[in-house]
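J.: So that you have it, the file is input-v1.cif, and it contains mmCIF, C-alpha atoms and all ligand atoms:
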data_run
#
loop_
_atom_site.group_PDB
_atom_site.id
_atom_site.type_symbol
_atom_site.label_atom_id
_atom_site.label_comp_id
_atom_site.auth_asym_id
_atom_site.auth_seq_id
_atom_site.Cartn_x
_atom_site.Cartn_y
_atom_site.Cartn_z
ATOM 1 C CA MET A 6 27.007 -1.090 -2.394
ATOM 2 C CA THR A 7 24.118 -3.432 -2.897
ATOM 3 C CA GLY A 8 20.614 -2.755 -1.674
ATOM 4 C CA LYS A 9 16.952 -3.138 -2.428
ATOM 5 C CA ILE A 10 14.571 -0.646 -4.034
ATOM 6 C CA MET A 11 11.942 0.183 -1.423
ATOM 7 C CA LYS A 12 9.935 2.623 -3.504
ATOM 8 C CA GLY A 13 10.063 4.724 -6.624
ATOM 9 C CA ILE A 14 8.566 8.181 -6.845
ATOM 10 C CA GLY A 15 9.001 10.877 -9.480
ATOM 11 C CA GLY A 16 12.190 9.514 -10.980
ATOM 12 C CA PHE A 17 13.806 8.799 -7.620
ATOM 13 C CA TYR A 18 14.418 5.344 -6.246
ATOM 14 C CA TYR A 19 14.824 4.785 -2.527
ATOM 15 C CA VAL A 20 17.363 2.034 -1.964
ATOM 16 C CA TYR A 21 17.797 0.391 1.416
ATOM 17 C CA VAL A 22 21.246 -0.948 2.205
ATOM 18 C CA GLU A 23 21.385 -3.079 5.349
ATOM 19 C CA GLN A 24 23.499 -1.525 8.101
ATOM 20 C CA GLN A 25 23.765 1.704 6.069
ATOM 21 C CA GLY A 26 20.287 3.089 5.618
ATOM 22 C CA LEU A 27 18.154 4.517 2.867
ATOM 23 C CA TYR A 28 19.658 6.224 -0.185
ATOM 24 C CA GLU A 29 17.825 8.470 -2.599
ATOM 25 C CA CYS A 30 19.004 7.442 -6.034
ATOM 26 C CA ARG A 31 18.540 8.353 -9.653
ATOM 27 C CA ALA A 32 18.701 5.805 -12.440
ATOM 28 C CA ARG A 33 21.450 6.412 -14.931
ATOM 29 C CA GLY A 34 20.725 6.838 -18.611
ATOM 30 C CA ILE A 35 21.823 3.309 -19.438
ATOM 31 C CA PHE A 36 18.593 1.918 -17.986
ATOM 32 C CA ARG A 37 16.505 4.150 -20.198
ATOM 33 C CA ASN A 38 18.462 3.126 -23.256
ATOM 34 C CA LYS A 39 18.090 -0.537 -22.399
ATOM 35 C CA LYS A 40 14.378 0.010 -21.706
ATOM 36 C CA MET A 41 14.895 -1.511 -18.272
ATOM 37 C CA LYS A 42 12.730 0.128 -15.700
ATOM 38 C CA PRO A 43 13.832 -0.339 -12.104
ATOM 39 C CA ASN A 44 11.111 -1.895 -9.965
ATOM 40 C CA VAL A 45 10.269 -1.936 -6.307
ATOM 41 C CA GLY A 46 11.922 -5.084 -4.933
ATOM 42 C CA ASP A 47 14.861 -4.985 -7.324
ATOM 43 C CA VAL A 48 18.255 -5.790 -5.876
ATOM 44 C CA VAL A 49 20.560 -3.072 -7.176
ATOM 45 C CA ASP A 50 24.106 -1.806 -7.006
ATOM 46 C CA ILE A 51 24.492 1.872 -6.239
ATOM 47 C CA ASP A 52 27.317 4.380 -6.367
ATOM 48 C CA VAL A 53 27.067 6.698 -3.400
ATOM 49 C CA LEU A 54 27.279 10.379 -4.327
ATOM 50 C CA SER A 55 27.050 11.800 -0.830
ATOM 51 C CA GLU A 56 27.124 9.845 2.391
ATOM 52 C CA GLU A 57 25.852 12.900 4.356
ATOM 53 C CA GLU A 58 22.881 13.478 2.133
ATOM 54 C CA LYS A 59 22.383 9.763 1.470
ATOM 55 C CA THR A 60 22.202 10.139 -2.291
ATOM 56 C CA GLY A 61 23.449 7.910 -5.054
ATOM 57 C CA ASN A 62 23.112 6.544 -8.547
ATOM 58 C CA LEU A 63 21.652 3.208 -9.577
ATOM 59 C CA VAL A 64 24.300 1.454 -11.612
ATOM 60 C CA LYS A 65 23.097 -2.121 -11.931
ATOM 61 C CA ILE A 66 19.937 -4.164 -11.519
ATOM 62 C CA HIS A 67 20.574 -7.747 -10.437
ATOM 63 C CA LYS A 68 18.828 -10.554 -12.269
ATOM 64 C CA ARG A 69 15.221 -10.821 -11.134
ATOM 65 C CA LYS A 70 13.854 -13.990 -9.564
ATOM 66 C CA ASN A 71 10.409 -12.944 -10.760
ATOM 67 C CA GLN A 72 8.437 -9.884 -11.738
ATOM 68 C CA LEU A 73 4.869 -9.401 -10.609
ATOM 69 C CA ILE A 74 2.438 -7.294 -12.563
ATOM 70 C CA ARG A 75 -0.258 -6.996 -9.926
ATOM 71 C CA PRO A 76 1.165 -5.446 -7.797
ATOM 72 C CA MET A 77 4.219 -4.222 -9.700
ATOM 73 C CA ALA A 78 7.154 -5.716 -7.823
ATOM 74 C CA SER A 79 10.291 -7.803 -8.328
ATOM 75 C CA ASN A 80 11.735 -10.710 -6.366
ATOM 76 C CA VAL A 81 8.595 -11.527 -4.413
ATOM 77 C CA ASP A 82 8.866 -14.780 -2.438
ATOM 78 C CA GLN A 83 5.323 -15.056 -1.127
ATOM 79 C CA ALA A 84 2.062 -13.288 -0.320
ATOM 80 C CA LEU A 85 0.438 -12.733 3.048
ATOM 81 C CA VAL A 86 -3.275 -12.202 2.601
ATOM 82 C CA ILE A 87 -5.165 -11.020 5.648
ATOM 83 C CA PHE A 88 -8.889 -11.413 6.233
ATOM 84 C CA SER A 89 -10.770 -10.906 9.471
ATOM 85 C CA ILE A 90 -13.083 -13.633 10.693
ATOM 86 C CA HIS A 91 -15.567 -10.943 11.718
ATOM 87 C CA GLU A 92 -15.962 -7.197 11.321
ATOM 88 C CA PRO A 93 -15.751 -7.197 8.381
ATOM 89 C CA GLU A 94 -17.011 -10.665 7.450
ATOM 90 C CA PRO A 95 -14.656 -12.396 5.015
ATOM 91 C CA ASN A 96 -15.513 -12.094 1.360
ATOM 92 C CA PHE A 97 -14.501 -15.564 0.208
ATOM 93 C CA HIS A 98 -15.118 -14.806 -3.464
ATOM 94 C CA LEU A 99 -12.456 -12.135 -3.195
ATOM 95 C CA LEU A 100 -10.073 -14.400 -1.327
ATOM 96 C CA ASN A 101 -10.517 -17.217 -3.835
ATOM 97 C CA ARG A 102 -9.951 -14.829 -6.735
ATOM 98 C CA PHE A 103 -6.828 -13.558 -5.052
ATOM 99 C CA LEU A 104 -5.529 -17.114 -4.671
ATOM 100 C CA ILE A 105 -6.004 -17.683 -8.404
ATOM 101 C CA THR A 106 -4.108 -14.533 -9.373
ATOM 102 C CA MET A 107 -1.237 -15.544 -7.080
ATOM 103 C CA GLU A 108 -1.226 -19.120 -8.399
ATOM 104 C CA GLN A 109 -1.057 -17.647 -11.916
ATOM 105 C CA GLN A 110 2.068 -15.765 -10.920
ATOM 106 C CA GLU A 111 3.447 -18.769 -9.013
ATOM 107 C CA ILE A 112 3.529 -16.939 -5.693
ATOM 108 C CA PRO A 113 2.927 -19.100 -2.584
ATOM 109 C CA VAL A 114 0.278 -17.708 -0.245
ATOM 110 C CA ILE A 115 -0.105 -17.518 3.520
ATOM 111 C CA ILE A 116 -3.732 -16.901 4.490
ATOM 112 C CA CYS A 117 -3.926 -15.093 7.799
ATOM 113 C CA PHE A 118 -7.301 -14.962 9.510
ATOM 114 C CA ASN A 119 -7.276 -12.095 11.978
ATOM 115 C CA LYS A 120 -9.512 -11.144 14.923
ATOM 116 C CA THR A 121 -9.730 -14.630 16.428
ATOM 117 C CA ASP A 122 -10.952 -12.903 19.606
ATOM 118 C CA LEU A 123 -14.231 -12.203 17.795
ATOM 119 C CA SER A 124 -14.739 -15.795 16.650
ATOM 120 C CA THR A 125 -15.496 -19.247 17.992
ATOM 121 C CA GLU A 126 -13.336 -22.365 17.756
ATOM 122 C CA GLN A 127 -15.864 -23.879 15.333
ATOM 123 C CA GLN A 128 -15.594 -20.962 12.952
ATOM 124 C CA GLN A 129 -11.816 -21.273 12.932
ATOM 125 C CA GLU A 130 -12.104 -25.011 12.402
ATOM 126 C CA GLN A 131 -14.367 -24.445 9.398
ATOM 127 C CA LEU A 132 -11.921 -21.984 7.850
ATOM 128 C CA ARG A 133 -9.037 -24.343 8.457
ATOM 129 C CA LYS A 134 -10.959 -27.127 6.753
ATOM 130 C CA ASP A 135 -12.040 -24.980 3.792
ATOM 131 C CA TYR A 136 -8.442 -24.068 3.001
ATOM 132 C CA GLU A 137 -6.483 -27.103 4.212
ATOM 133 C CA ASN A 138 -5.934 -28.473 0.708
ATOM 134 C CA SER A 139 -5.847 -25.154 -1.117
ATOM 135 C CA GLY A 140 -2.068 -25.188 -1.299
ATOM 136 C CA CYS A 141 -1.852 -22.267 1.125
ATOM 137 C CA ILE A 142 -0.501 -22.041 4.640
ATOM 138 C CA VAL A 143 -3.322 -20.986 6.977
ATOM 139 C CA VAL A 144 -2.673 -19.103 10.222
ATOM 140 C CA PHE A 145 -4.844 -17.422 12.826
ATOM 141 C CA GLN A 146 -4.081 -14.354 14.897
ATOM 142 C CA ALA A 147 -5.485 -11.494 16.923
ATOM 143 C CA ALA A 148 -3.249 -8.592 15.987
ATOM 144 C CA ALA A 149 -4.928 -6.213 18.405
ATOM 145 C CA LYS A 150 -3.879 -8.520 21.234
ATOM 146 C CA GLY A 151 -0.556 -9.553 19.742
ATOM 147 C CA GLU A 152 -1.694 -13.184 19.666
ATOM 148 C CA GLY A 153 -0.325 -15.483 16.986
ATOM 149 C CA ILE A 154 2.101 -12.877 15.706
ATOM 150 C CA THR A 155 5.274 -14.915 16.249
ATOM 151 C CA GLN A 156 4.182 -17.602 13.786
ATOM 152 C CA VAL A 157 3.595 -14.904 11.176
ATOM 153 C CA GLU A 158 6.978 -13.349 11.923
ATOM 154 C CA GLU A 159 8.637 -16.721 11.467
ATOM 155 C CA LEU A 160 6.942 -17.246 8.121
ATOM 156 C CA LEU A 161 8.140 -13.846 6.934
ATOM 157 C CA ARG A 162 11.748 -14.166 8.072
ATOM 158 C CA GLY A 163 14.351 -13.953 5.330
ATOM 159 C CA LYS A 164 11.732 -13.356 2.649
ATOM 160 C CA THR A 165 10.144 -10.604 0.638
ATOM 161 C CA THR A 166 6.406 -10.786 1.144
ATOM 162 C CA ILE A 167 3.554 -8.840 -0.352
ATOM 163 C CA MET A 168 0.714 -8.130 2.048
ATOM 164 C CA ALA A 169 -2.843 -7.767 0.834
ATOM 165 C CA GLY A 170 -6.327 -7.735 2.234
ATOM 166 C CA PRO A 171 -9.530 -5.703 2.244
ATOM 167 C CA SER A 172 -10.004 -2.571 4.298
ATOM 168 C CA GLY A 173 -10.424 -2.910 8.044
ATOM 169 C CA VAL A 174 -9.173 -6.480 8.443
ATOM 170 C CA GLY A 175 -6.124 -5.494 10.481
ATOM 171 C CA LYS A 176 -3.207 -4.969 8.105
ATOM 172 C CA SER A 177 -1.906 -1.904 9.932
ATOM 173 C CA SER A 178 -2.337 -3.647 13.274
ATOM 174 C CA THR A 179 -0.352 -6.636 11.991
ATOM 175 C CA LEU A 180 2.381 -4.397 10.652
ATOM 176 C CA ASN A 181 2.595 -2.551 13.955
ATOM 177 C CA CYS A 182 3.009 -5.824 15.862
ATOM 178 C CA ILE A 183 5.662 -7.107 13.505
ATOM 179 C CA SER A 184 7.729 -3.962 13.421
ATOM 180 C CA LYS A 185 7.265 -2.936 17.046
ATOM 181 C CA ASP A 186 10.486 -4.378 18.441
ATOM 182 C CA ARG A 187 12.514 -3.086 15.566
ATOM 183 C CA GLN A 188 11.480 0.529 15.334
ATOM 184 C CA MET A 189 14.353 1.560 17.567
ATOM 185 C CA GLU A 190 17.114 -0.102 15.581
ATOM 186 C CA THR A 191 15.884 0.775 12.130
ATOM 187 C CA GLY A 192 15.721 4.504 12.843
ATOM 188 C CA GLU A 193 14.649 6.433 9.784
ATOM 189 C CA VAL A 194 13.140 3.327 8.232
ATOM 190 C CA SER A 195 10.584 3.165 11.016
ATOM 191 C CA GLU A 196 9.233 6.432 9.607
ATOM 192 C CA LYS A 197 8.293 4.455 6.521
ATOM 193 C CA ILE A 198 6.349 1.961 8.570
ATOM 194 C CA LYS A 199 3.460 4.324 9.152
ATOM 195 C CA ARG A 200 1.007 3.312 6.495
ATOM 196 C CA GLY A 201 -0.357 6.145 4.450
ATOM 197 C CA LYS A 202 -4.092 6.546 4.716
ATOM 198 C CA HIS A 203 -4.231 8.236 1.332
ATOM 199 C CA THR A 204 -6.194 6.721 -1.493
ATOM 200 C CA THR A 205 -3.316 6.823 -3.958
ATOM 201 C CA ARG A 206 -0.733 4.736 -2.241
ATOM 202 C CA HIS A 207 2.370 3.689 -4.070
ATOM 203 C CA SER A 208 3.657 0.172 -3.758
ATOM 204 C CA GLU A 209 6.347 0.348 -1.143
ATOM 205 C CA LEU A 210 8.554 -2.124 0.688
ATOM 206 C CA ILE A 211 9.057 -1.953 4.419
ATOM 207 C CA TYR A 212 12.228 -3.259 6.036
ATOM 208 C CA ILE A 213 11.268 -5.703 8.803
ATOM 209 C CA GLY A 214 14.619 -7.253 9.669
ATOM 210 C CA GLU A 215 17.626 -8.927 8.130
ATOM 211 C CA ASP A 216 16.722 -9.928 4.574
ATOM 212 C CA THR A 217 13.068 -9.526 5.492
ATOM 213 C CA TYR A 218 10.798 -7.137 3.627
ATOM 214 C CA LEU A 219 7.074 -6.599 3.496
ATOM 215 C CA MET A 220 5.122 -4.794 0.820
ATOM 216 C CA ASP A 221 1.876 -3.183 1.645
ATOM 217 C CA THR A 222 -0.108 -3.436 -1.580
ATOM 218 C CA PRO A 223 -2.724 -0.872 -2.475
ATOM 219 C CA GLY A 224 -5.924 -1.811 -4.252
ATOM 220 C CA PHE A 225 -7.673 -5.091 -3.691
ATOM 221 C CA SER A 226 -11.359 -4.577 -4.355
ATOM 222 C CA SER A 227 -11.595 -5.679 -7.990
ATOM 223 C CA LEU A 228 -9.850 -8.872 -8.940
ATOM 224 C CA PHE A 229 -10.778 -9.571 -12.488
ATOM 225 C CA LEU A 230 -9.783 -13.024 -13.741
ATOM 226 C CA GLU A 231 -7.857 -12.811 -16.967
ATOM 227 C CA ASN A 232 -5.617 -14.897 -19.185
ATOM 228 C CA ILE A 233 -7.259 -18.124 -18.047
ATOM 229 C CA GLU A 234 -9.117 -20.531 -20.296
ATOM 230 C CA LYS A 235 -12.125 -21.945 -18.484
ATOM 231 C CA GLU A 236 -10.787 -25.453 -19.169
ATOM 232 C CA ASP A 237 -7.647 -24.563 -17.214
ATOM 233 C CA LEU A 238 -9.380 -23.078 -14.180
ATOM 234 C CA LYS A 239 -9.333 -26.440 -12.402
ATOM 235 C CA TYR A 240 -5.549 -26.321 -12.232
ATOM 236 C CA TYR A 241 -5.819 -23.289 -9.950
ATOM 237 C CA PHE A 242 -7.647 -25.349 -7.335
ATOM 238 C CA PRO A 243 -4.944 -27.578 -5.830
ATOM 239 C CA GLU A 244 -7.542 -29.544 -3.862
ATOM 240 C CA PHE A 245 -8.751 -31.075 -7.155
ATOM 241 C CA THR A 246 -5.314 -32.377 -8.108
ATOM 242 C CA PRO A 247 -5.514 -35.823 -6.430
ATOM 243 C CA TYR A 248 -8.637 -36.632 -8.494
ATOM 244 C CA GLU A 249 -7.520 -35.055 -11.750
ATOM 245 C CA ASN A 250 -6.777 -38.286 -13.629
ATOM 246 C CA THR A 251 -9.419 -40.486 -12.099
ATOM 247 C CA CYS A 252 -12.584 -38.912 -13.523
ATOM 248 C CA LYS A 253 -14.427 -41.003 -16.091
ATOM 249 C CA PHE A 254 -13.942 -38.472 -18.878
ATOM 250 C CA ASN A 255 -10.636 -37.183 -20.073
ATOM 251 C CA GLY A 256 -10.571 -33.417 -19.661
ATOM 252 C CA CYS A 257 -13.400 -33.517 -17.126
ATOM 253 C CA CYS A 258 -14.270 -30.021 -15.921
ATOM 254 C CA HIS A 259 -15.808 -31.401 -12.734
ATOM 255 C CA ILE A 260 -19.139 -29.656 -13.264
ATOM 256 C CA HIS A 261 -21.735 -31.628 -15.228
ATOM 257 C CA GLU A 262 -19.832 -34.724 -16.261
ATOM 258 C CA PRO A 263 -20.917 -38.125 -14.916
ATOM 259 C CA GLY A 264 -18.365 -40.254 -13.110
ATOM 260 C CA CYS A 265 -16.581 -37.183 -11.762
ATOM 261 C CA GLU A 266 -14.267 -37.963 -8.864
ATOM 262 C CA VAL A 267 -14.040 -34.323 -7.783
ATOM 263 C CA LYS A 268 -17.807 -34.211 -7.315
ATOM 264 C CA LYS A 269 -17.626 -37.488 -5.451
ATOM 265 C CA ALA A 270 -14.951 -36.057 -3.149
ATOM 266 C CA LEU A 271 -17.174 -33.012 -2.683
ATOM 267 C CA GLU A 272 -20.079 -35.200 -1.597
ATOM 268 C CA GLU A 273 -17.807 -37.058 0.785
ATOM 269 C CA GLY A 274 -16.747 -33.760 2.323
ATOM 270 C CA LYS A 275 -13.143 -34.071 1.148
ATOM 271 C CA ILE A 276 -13.388 -30.864 -0.870
ATOM 272 C CA SER A 277 -14.799 -27.630 0.516
ATOM 273 C CA LYS A 278 -18.244 -26.816 -0.879
ATOM 274 C CA MET A 279 -17.548 -23.120 -0.562
ATOM 275 C CA ARG A 280 -14.390 -23.479 -2.663
ATOM 276 C CA TYR A 281 -16.111 -25.739 -5.193
ATOM 277 C CA ASP A 282 -19.067 -23.366 -5.580
ATOM 278 C CA ASP A 283 -16.674 -20.540 -6.354
ATOM 279 C CA TYR A 284 -14.929 -22.749 -8.887
ATOM 280 C CA CYS A 285 -18.272 -23.207 -10.671
ATOM 281 C CA MET A 286 -19.028 -19.494 -10.474
ATOM 282 C CA PHE A 287 -15.623 -18.495 -11.877
ATOM 283 C CA TYR A 288 -15.942 -21.130 -14.594
ATOM 284 C CA GLU A 289 -19.238 -19.612 -15.705
ATOM 285 C CA GLU A 290 -17.705 -16.142 -15.551
ATOM 286 C CA LEU A 291 -14.839 -17.212 -17.821
ATOM 287 C CA ALA A 292 -17.301 -18.872 -20.196
ATOM 288 C CA GLN A 293 -19.235 -15.598 -20.446
ATOM 289 C CA GLN A 294 -16.063 -13.559 -20.968
ATOM 290 C CA LYS A 295 -15.246 -15.623 -24.058
ATOM 291 C CA LYS A 296 -18.554 -14.731 -25.672
ATOM 292 C CA TRP A 297 -17.885 -10.996 -25.716
HETATM 293 N N1 LIG B 1 -11.240 -7.325 17.840
HETATM 294 C C1 LIG B 1 -10.150 -7.130 17.101
HETATM 295 N N2 LIG B 1 -10.003 -5.982 16.411
HETATM 296 C C2 LIG B 1 -8.899 -5.812 15.660
HETATM 297 C C3 LIG B 1 -7.896 -6.808 15.576
HETATM 298 N N3 LIG B 1 -6.940 -6.351 14.749
HETATM 299 C C4 LIG B 1 -7.338 -5.140 14.330
HETATM 300 N N4 LIG B 1 -8.523 -4.800 14.885
HETATM 301 C C5 LIG B 1 -9.290 -3.540 14.689
HETATM 302 O O1 LIG B 1 -9.810 -3.500 13.391
HETATM 303 C C6 LIG B 1 -9.823 -2.155 12.901
HETATM 304 C C7 LIG B 1 -9.090 -2.082 11.576
HETATM 305 O O2 LIG B 1 -7.728 -2.417 11.784
HETATM 306 P P1 LIG B 1 -6.559 -1.873 10.849
HETATM 307 O O3 LIG B 1 -5.303 -2.505 11.307
HETATM 308 O O4 LIG B 1 -6.602 -0.395 10.739
HETATM 309 O O5 LIG B 1 -7.031 -2.499 9.452
HETATM 310 P P2 LIG B 1 -6.417 -2.296 7.984
HETATM 311 O O6 LIG B 1 -6.511 -3.592 7.291
HETATM 312 O O7 LIG B 1 -5.068 -1.676 8.064
HETATM 313 O O8 LIG B 1 -7.447 -1.291 7.321
HETATM 314 P P3 LIG B 1 -7.203 -0.251 6.089
HETATM 315 O O9 LIG B 1 -6.181 0.736 6.549
HETATM 316 O O10 LIG B 1 -8.555 0.344 5.871
HETATM 317 O O11 LIG B 1 -6.758 -1.057 4.906
HETATM 318 C C8 LIG B 1 -9.170 -1.312 13.997
HETATM 319 O O12 LIG B 1 -10.204 -0.719 14.735
HETATM 320 C C9 LIG B 1 -8.407 -2.318 14.817
HETATM 321 O O13 LIG B 1 -8.269 -1.919 16.149
HETATM 322 C C10 LIG B 1 -8.059 -8.007 16.345
HETATM 323 O O14 LIG B 1 -7.224 -8.919 16.350
HETATM 324 N N5 LIG B 1 -9.209 -8.109 17.067
HETATM 325 ZN ZN ZN B 2 -14.256 -34.519 -12.811
#
Could I get this structure in the form of C-alpha cells?
Ligand SMILES: Nc1nc2c(ncn2[C@@H]2O[C@H](COP(=O)(O)OP(=O)(O)OP(=O)(O)O)[C@@H](O)[C@H]2O)c(=O)[nH]1
Ligand SMILES: [Zn+2]

T.:
Amino acid sequence: MTGKIMKGIGGFYYVYVEQQGLYECRARGIFRNKKMKPNVGDVVDIDVLSEEEKTGNLVKIHKRKNQLIRPMASNVDQALVIFSIHEPEPNFHLLNRFLITMEQQEIPVIICFNKTDLSTEQQQEQLRKDYENSGCIVVFQAAAKGEGITQVEELLRGKTTIMAGPSGVGKSSTLNCISKDRQMETGEVSEKIKRGKHTTRHSELIYIGEDTYLMDTPGFSSLFLENIEKEDLKYYFPEFTPYENTCKFNGCCHIHEPGCEVKKALEEGKISKMRYDDYCMFYEELAQQKKW
C-alpha cells in the first residue's frame, strides 16, 4: 500500500493511507544502511503487519519532489502564512523574512490576513497593495466567523501545504473551519486535528481531504536570514524584477545608486515603501553578517 508519512516519533512513522487509515510503521534496516531518513511528507510504500492493530513496515520511499529544511518536510507544494490584521498587529518584518526563506526554498506562498472583522476596508486595501507584486497570493478571512474560508479551502485542495504564523493570529481557528465538515468521515484522523498546545510540537501533517494535507509548523519567532549574499537579496523581492535591467548601473542594488529605476518606481508608488524599507534593512543586516 502507498501512503504519506504524517509524523515521526521515537522511531515510529505514522503513515496515512487514503480509505484505509493510519498505520504505525517502523523503518526497515535498509533505510539506515542507505542513510535515508524518512521524512514527514514522504510518499511511502508499506507492508502491513497487522490490519487489526494497524501496524506495518516502511519498505520504500518514493522520489521526493522537494525537501524542506525549515520546517523539515518532503513534497511540500506551498505555504499558507497567516497573520491577523489586528490583535496581534502584523509584524511585517517577520512576514517579509518568511517570504524570503520560502523563496529560497522555491515554495509558493499564500498570505492569509485573518480577523477582517476587526479591520477597515482601507486597511485591507493597503495590505493588498503592499503585497500585490510580491509574488504571493493574498487572501482575507475571518476564521472566527467562517468568512472567506472557502477560498482558502480551494487553494489548499489537492496540495500539501505548510501552515505558519505567529501566536494568536488564528491558525487553530482556520484549521477548525477547514476540517469541520470532514471530522466525521476521517474518524481517527480527526483526533490528530486538535493542535497540541505544548511548546515542543513535532512537525505533523493533517489529512484535510483527498490528496490534501496541511502541516502545522512549530516555531516562527526567529527567522534568521542565511545563505544569501547581500547582492542577491534583490532577487527575493519579485516586485523589483520588472526594473532589474533598466537601472543605470549594472548590478544596481537599488539603494544608493543614481539612476535607479526601482527607487523611481518606489517614488511613483509602484513599489510598497514598507517592503522596500525592509529590503534596505535586510541588506544592511546581511552586510553586517559578512563582517563577523
Ligand atoms: N475577531 C476575531 N478573532 C479571531 C478570529 N480568528 C481567531 N480569532 C481569535 O483569536 C484568538 C487566537 O486564535 P487561535 O486560532 O487560537 O490562534 P493561533 O494562531 O492558533 O494561536 P497559537 O495557538 O498561539 O499559535 C482566539 O481568541 C480566537 O477566537 C477572527 O477572524 N476574528
Ligand atoms: Zn536600481

J.: Under the rule that all atoms listed in the file are counted, which of A:Ile142, A:Val174, A:Leu228, A:Ile66 is the nearest residue to Asn101 (chain A)?

T.: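 Closest to Asn101 (chain A), using all atoms listed in the file: A:Leu228.
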
J.: For the file shown, report as a PyMOL selection string the outcome of the PyMOL selection byres (((not hetatm)) within 10 of (chain B and resi 2)) at residue level.

T.: chain A and resi 239+245+248-270

J.: Could you pull out the residues sitting within 7 Å of ligand LIG 1 (chain B), using all atoms listed in the file, and write them as a list of chain:residue names?

T.: A:Asn119, A:Lys120, A:Thr121, A:Asp122, A:Leu123, A:Gln146, A:Ala147, A:Ala148, A:Ala149, A:Lys150, A:Gly170, A:Pro171, A:Ser172, A:Gly173, A:Val174, A:Gly175, A:Lys176, A:Ser177, A:Ser178, A:Thr179, A:Lys202

J.: Report the residues retrieved by the PyMOL selection byres (((chain A and resi 83) around 7) and not hetatm) from the displayed file, expressed as a list of chain:residue names.

T.: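 Expected selection for the PyMOL selection byres (((chain A and resi 83) around 7) and not hetatm) here is A:Val81, A:Asp82, A:Ala84, A:Leu85, A:Ile112, A:Pro113, A:Val114, A:Thr165, A:Thr166, A:Ile167.
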
J.: Give me, please, the distance in Å between CA of Ala78 (chain A) and CA of Asn44 (chain A), quoted to one decimal.

T.: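 Between these atoms lies a distance of 5.9 Å.
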
J.: Mind listing whatever residues come within 9 Å of the point (10.5, 0.6, -12.1)? Use only C-alpha atoms, file coordinates, and give them as an MDAnalysis selection string.

T.: chainID A and resid 12:13 18 41:45 47 77:78

J.: Return the single residue from A:Glu289, A:Asp237, A:Glu244, A:Asp52 that is closest to Cys141 (chain A), with distances computed using all atoms listed in the file.

T.: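 So, comparing all the options, the nearest one is A:Glu244.
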
J.: Once the PyMOL selection byres (((chain A and resi 10) around 12) and not hetatm) is applied to the coordinates I shared, what remains selected? I want it as a ChimeraX atom specification.

T.: /A:7-9,11-14,17-23,26-32,42-51,63,65-67,78-80,165,208-212,218,220

J.: With all atoms listed in the file as the atoms that count, which of A:Leu230, A:Ile74, A:Ile115, A:Leu161 lies nearest to Thr217 (chain A)?

T.: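 Checking each candidate against Thr217 (chain A), we get A:Leu161 as the closest.
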
J.: What does the distance between CA of Leu291 (chain A) and CA of Ala169 (chain A) come to in Å, to one decimal place?

T.: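 Separation between CA of Leu291 (chain A) and CA of Ala169 (chain A): 24.1 Å.
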
J.: So which residues are close to (-8.2, -16.4, -6.0), meaning at most 10 Å away in the file's coordinates with only C-alpha atoms counted, and can you show them as a PyMOL selection string?

T.: chain A and resi 97-109+228-230+241-242+280+283-284+287

J.: For Leu160 (chain A), which of A:Thr125, A:Cys117, A:Leu132, A:Met6 is the closest residue, counting all atoms listed in the file?

T.: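 Of all the options, A:Cys117 lies closest to Leu160 (chain A).
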
J.: Please measure the separation of CA of Pro223 (chain A) and CA of Met168 (chain A), giving the value in Å to one decimal.

T.: 9.2 Å

J.: Looking at only C-alpha atoms, which of A:Gln25, A:Thr222, A:Ser184, A:Ser277 is the one that sits closest to Thr155 (chain A)?

T.: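 For Thr155 (chain A), the nearest of the candidates is A:Ser184.
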